[in-house]
Every structure is written in C-alpha cells, then in structure tokens.
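Read through the structure below, which is laid out as structure tokens, and then see the notes.
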Amino acid sequence: MIYKNYPMVSRVVFGRGCFNQLGDILQPKRLNVKAPFIFLVDAVFKGNSWLTSRIPLAYDDQVFYISADEEPKTSQVDELVENIILSYKDRPSGIIGIGGGTILDLAKAVSIMITNEGQTKNYQGWDLVKNPAIYHVGVPTISGTGSEVSRTTVLTGPDKKLGINSDYTPFDQVVLDPELTKGVPKDQWFYTGMDCYIHCIESLNGTYLNAFSKSYGEKAFELCKSIFMEGDLSKEEAQDELMMASWHGGMSIAYSQVGVAHAMSYGLSYLLGTKHGIGNCIVFDHLDEFYPEGVQLFRKMKEKHDISLPQGICKHLSDEEFDIMIDVALGLEPLWENALGKNWKNIITRSKLKALYQQM
Ligand code: NAD
Ligand code: ZN
C-alpha cells in the first residue's frame, strides 16, 4: 500500500474583512517592479467598488475580469497565458484568483501554465506537471466547491473534462473572507453549498473512507446541516460556517474520493454544459438507491429553501448522446470504485446509467 503524500495550502488567513490584508500579504512576494501581479476577477464584480477598490494594485499589476457563466476551458487558459507572456518582459510575480470555483480553477491553471511548455490540454490528468507553478493566491467569493484547498483544477478540454492534478496545483496562499460571499444569489448559494454537502455524503459513504477523511467529512456534514436545516444562525454566522464547511469538505475528498453524483454530473456537464453545482443537485435528487439518507435530507433542504431544480433536461437526447454521457461517467473509474467497491463494474451497467439519466 502506498499512501498519498498530500500537498496542502501553505498559508491561510480567515476572517471577515481580511481581504484588506491582501496588499500586505503580496508585497514581500513581488519579484521586482516589472514583474506584475495578475488578478483574475469574476466579471460579476466589475463596477462593484466595494470589492474592486480594495484590489491592491501597484506598478504594472493588471486585472482581468472573467465571466463565470461557463466552466473553465483549456483553450481559455492557453489564451490567458499567451496574453500575459506577450504583455510583460518579466515573468509575473503571481496570479490571484478572486471568485468562485470557476475563477479559482483558472488561476491555478494559469499559474501552472506560465512555467510549463505546450498546451494546457496536455496536462489534464495525474502528475503530468513538470515545473513548479508561479506563486498563486485564491480568494473565494462563494463557498462550497473546496477548490480553495484541492490539488486539482477542473478543466474542459477538446476531448475530456479532467483536472490538472498535481503537487503544484494547490494555492500558496488562501484568503478566506466570508464577507465576500454576501452578494451570492440564493439559488447559486444553494447549488454551490450542496456541492459541499454532496462531497461529504460521497466521501463518508465511500469505500475509500479513512479516519483522515472522516474527521473532515463529519465536520463539514455537521456544518451543512446546521446551515441548511436548522436555521438558527445569523446571516454572518452562516457565511462563516459555509466557508469552513467548503474547506473541510475539500479536505475530506482530498484523502478519499467523490462518487456517483460527481461521475454522472461530469457527463451532464460535458454534453450539455450543465454547471457543476446545479448538475450535482439534478443528479443527486435521483440517487436514492446509492445514498438513501443523504438524498432524503437533500430533499428536505431543497424544500426548506424553496429551490426547484430543472426537470427533463435529458428528455430529448438521442441514443448517441446518452452514450457520450455514459462514456464520460464510466471513465471516472476511481469515483465508481470509491462509491461501489472493487466490483463496481458488476453493479453499474450502461443500461442502468441510461435509465437514471432518462429520469433527469
Ligand atoms: P462559479 O465560480 O461558477 O460561480 C457561480 C456563479 O456565482 C457565477 O455566476 C458567479 O459570477 C457567481 N458569483 C460568485 N461569487 C459571487 C458573489 N460573491 N456575489 C455574486 N455572485 C457571485 O461557482 P462554483 O460553484 O464556486 O464553481 C464551479 C466550478 O468549480 C466548476 O467549474 C467546477 O468544475 C469547479 N470545481 C472545482 C473543484 C476543484 O477541486 N478544483 C471542486 C469542485 C468544483
Ligand atoms: Zn464537487
């Protein structure tokens, strides 16, 4: 048995308003005045001076506003890296991602591709990155994905949706300021929050579970229940706790794996462009057979917050399209092995997957 020697985020600052410390944090990391910090910022904040006026710009530092309407693509990373390399003689001092999972993943990928040759799609997989990334910082503005702690950056490439999983992927610094999540719309709060809840259910009910993952997974699960079911937290407390639930959920799957909902949600995302949070919710709602208690509680939370999920999104798909989704889902072997054990191929068949997708 070889145990994973897992890299973690080197530094983290937590607290309401701690975003104000970003300038002090970055200052000693500036290589020289010609080596800028590049800020990748969710375009939802463009014109929002409450946030943008506090981005600590100096010298040649630059802000790129990036839409999070679509999940990150390998070609988008290539374009950004080319743009940055052509704009400056010196290698940047660092990349700072300010946004949700989409922007955080982009920031991680760009920081890797600045020091690694060729196209981003060639690095989708496990441990293909050769050179350390440049300094990179993650500032989440919505909680749930766990991207702020993870060793991966999930990207859609020309022929697959797969992360760059590497020891160089995790952030060097994370800034956890729960106040930054105050403007998240309710539906999106629920979808991304449920990503965290589903990480817990899949980790805690998986065959890869161990004491390390369990300790983080149980804490995240408890926090999710208190945030989404109990309703006795103030708004601020709920923001603080969801940020920590996301962190713990990410730590839990780092040392185990996700499961059926994530495998099937990747299929939806690849074929239909369904985003991660809502896609997980759509799938999870049909997984009573695999996670009976988790799904029951999910439905209660959905009802409590008056969330209605899209129905019939697979209704008009052709057999070929179902096959594409099934191929993507079944390709994620570790997820199935975690969910169902070593004999998973005898349990989950193509026809069973198709029948499940047909209900969505
Ligand atoms: P997101 O980044 O896609 O953002 C969702 C929506 O919320 C966007 O419209 C965005 O503009 C908006 N938003 C974000 N912060 C806001 C704020 N403070 N106020 C108002 N609106 C705000 O959402 P997400 O669910 O955090 O991320 C999904 C992405 O994360 C997917 O691409 C998925 O693949 C990735 N992911 C990565 C990992 C990982 O470990 N790397 C894990 C899970 C998911
Ligand atoms: Zn997820």
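Ligands are numbered from 1 in the order shown, chains are lettered A, B, ... in the order of the structure tokens, and residues start at 1 in each chain.
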
Spatial neighbours of segment 127-130 of chain A, max dist 12 Å, only C-alpha atoms, sep filter under 3 positions, as a count of residues only: 25

Kindly compile the residues surrounding ligand 2 within 7 Å, counting only C-alpha atoms and all ligand atoms, and format them as a list in words.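 Written in the requested form, the residues are Thr145, Asp195, Cys196, His199, His262, His276 and Gly277 of chain A.
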
Restricting the output to all heavy atoms, write the selected residues as an mmCIF file, in the first residue's frame.
```cif
data_model
loop_
_atom_site.group_PDB
_atom_site.id
_atom_site.type_symbol
_atom_site.label_atom_id
_atom_site.label_comp_id
_atom_site.auth_asym_id
_atom_site.auth_seq_id
_atom_site.Cartn_x
_atom_site.Cartn_y
_atom_site.Cartn_z
ATOM 1 N N THR A 145 -17.217 24.540 -3.267
ATOM 2 C CA THR A 145 -16.514 23.584 -4.143
ATOM 3 C C THR A 145 -15.310 22.929 -3.467
ATOM 4 O O THR A 145 -14.916 21.837 -3.841
ATOM 5 C CB THR A 145 -15.981 24.257 -5.423
ATOM 6 O OG1 THR A 145 -14.974 25.205 -5.058
ATOM 7 C CG2 THR A 145 -17.081 24.943 -6.191
ATOM 8 N N ASP A 195 -22.830 21.337 -3.369
ATOM 9 C CA ASP A 195 -21.613 20.663 -3.850
ATOM 10 C C ASP A 195 -20.829 20.182 -2.632
ATOM 11 O O ASP A 195 -20.387 19.039 -2.562
ATOM 12 C CB ASP A 195 -20.789 21.643 -4.701
ATOM 13 C CG ASP A 195 -19.627 20.960 -5.416
ATOM 14 O OD1 ASP A 195 -19.655 19.723 -5.563
ATOM 15 O OD2 ASP A 195 -18.692 21.673 -5.832
ATOM 16 N N CYS A 196 -20.728 21.046 -1.631
ATOM 17 C CA CYS A 196 -20.033 20.678 -0.398
ATOM 18 C C CYS A 196 -20.756 19.532 0.312
ATOM 19 O O CYS A 196 -20.135 18.536 0.710
ATOM 20 C CB CYS A 196 -19.929 21.901 0.510
ATOM 21 S SG CYS A 196 -19.236 21.530 2.129
ATOM 22 N N HIS A 199 -20.108 16.388 -1.503
ATOM 23 C CA HIS A 199 -18.733 15.903 -1.223
ATOM 24 C C HIS A 199 -18.731 15.078 0.067
ATOM 25 O O HIS A 199 -18.116 14.015 0.137
ATOM 26 C CB HIS A 199 -17.746 17.075 -1.063
ATOM 27 C CG HIS A 199 -17.473 17.808 -2.348
ATOM 28 N ND1 HIS A 199 -16.964 19.079 -2.381
ATOM 29 C CD2 HIS A 199 -17.643 17.457 -3.643
ATOM 30 C CE1 HIS A 199 -16.847 19.475 -3.643
ATOM 31 N NE2 HIS A 199 -17.247 18.516 -4.420
ATOM 32 N N HIS A 262 -21.028 12.871 -8.672
ATOM 33 C CA HIS A 262 -20.000 13.591 -9.427
ATOM 34 C C HIS A 262 -19.718 12.908 -10.766
ATOM 35 O O HIS A 262 -19.571 13.579 -11.787
ATOM 36 C CB HIS A 262 -18.721 13.747 -8.604
ATOM 37 C CG HIS A 262 -18.769 14.931 -7.695
ATOM 38 N ND1 HIS A 262 -19.517 14.956 -6.553
ATOM 39 C CD2 HIS A 262 -18.176 16.161 -7.780
ATOM 40 C CE1 HIS A 262 -19.395 16.138 -5.974
ATOM 41 N NE2 HIS A 262 -18.576 16.885 -6.692
ATOM 42 N N HIS A 276 -21.375 22.693 -12.545
ATOM 43 C CA HIS A 276 -21.073 21.690 -11.520
ATOM 44 C C HIS A 276 -22.095 21.640 -10.379
ATOM 45 O O HIS A 276 -22.628 20.570 -10.052
ATOM 46 C CB HIS A 276 -19.679 21.978 -10.972
ATOM 47 C CG HIS A 276 -19.146 20.929 -10.069
ATOM 48 N ND1 HIS A 276 -18.649 19.735 -10.533
ATOM 49 C CD2 HIS A 276 -19.052 20.879 -8.719
ATOM 50 C CE1 HIS A 276 -18.254 19.005 -9.503
ATOM 51 N NE2 HIS A 276 -18.482 19.673 -8.394
ATOM 52 N N GLY A 277 -22.376 22.777 -9.766
ATOM 53 C CA GLY A 277 -23.245 22.795 -8.581
ATOM 54 C C GLY A 277 -24.650 22.318 -8.909
ATOM 55 O O GLY A 277 -25.164 21.358 -8.303
#
```

Atomic separation - atom 20 (C, counted along the ligand's line) of ligand 1 relative to atom CA of Tyr135 of chain A, Å: 26.1 Å

I need the residues of segment 105-240 of chain A that end up classed as strand (DSSP E) by DSSP on the backbone, written out as an NGL selection string. :A and (125-126 or 136-140 or 154-156 or 161-165 or 173-176)

Go through the chains and note each residue within 8 Å of ligand 1, using only C-alpha atoms and all ligand atoms, then give the set as a PyMOL selection string. chain A and resi 42-45+67-72+99-105+140-155+163+180-185+188-189+191-193+195+250+275-277
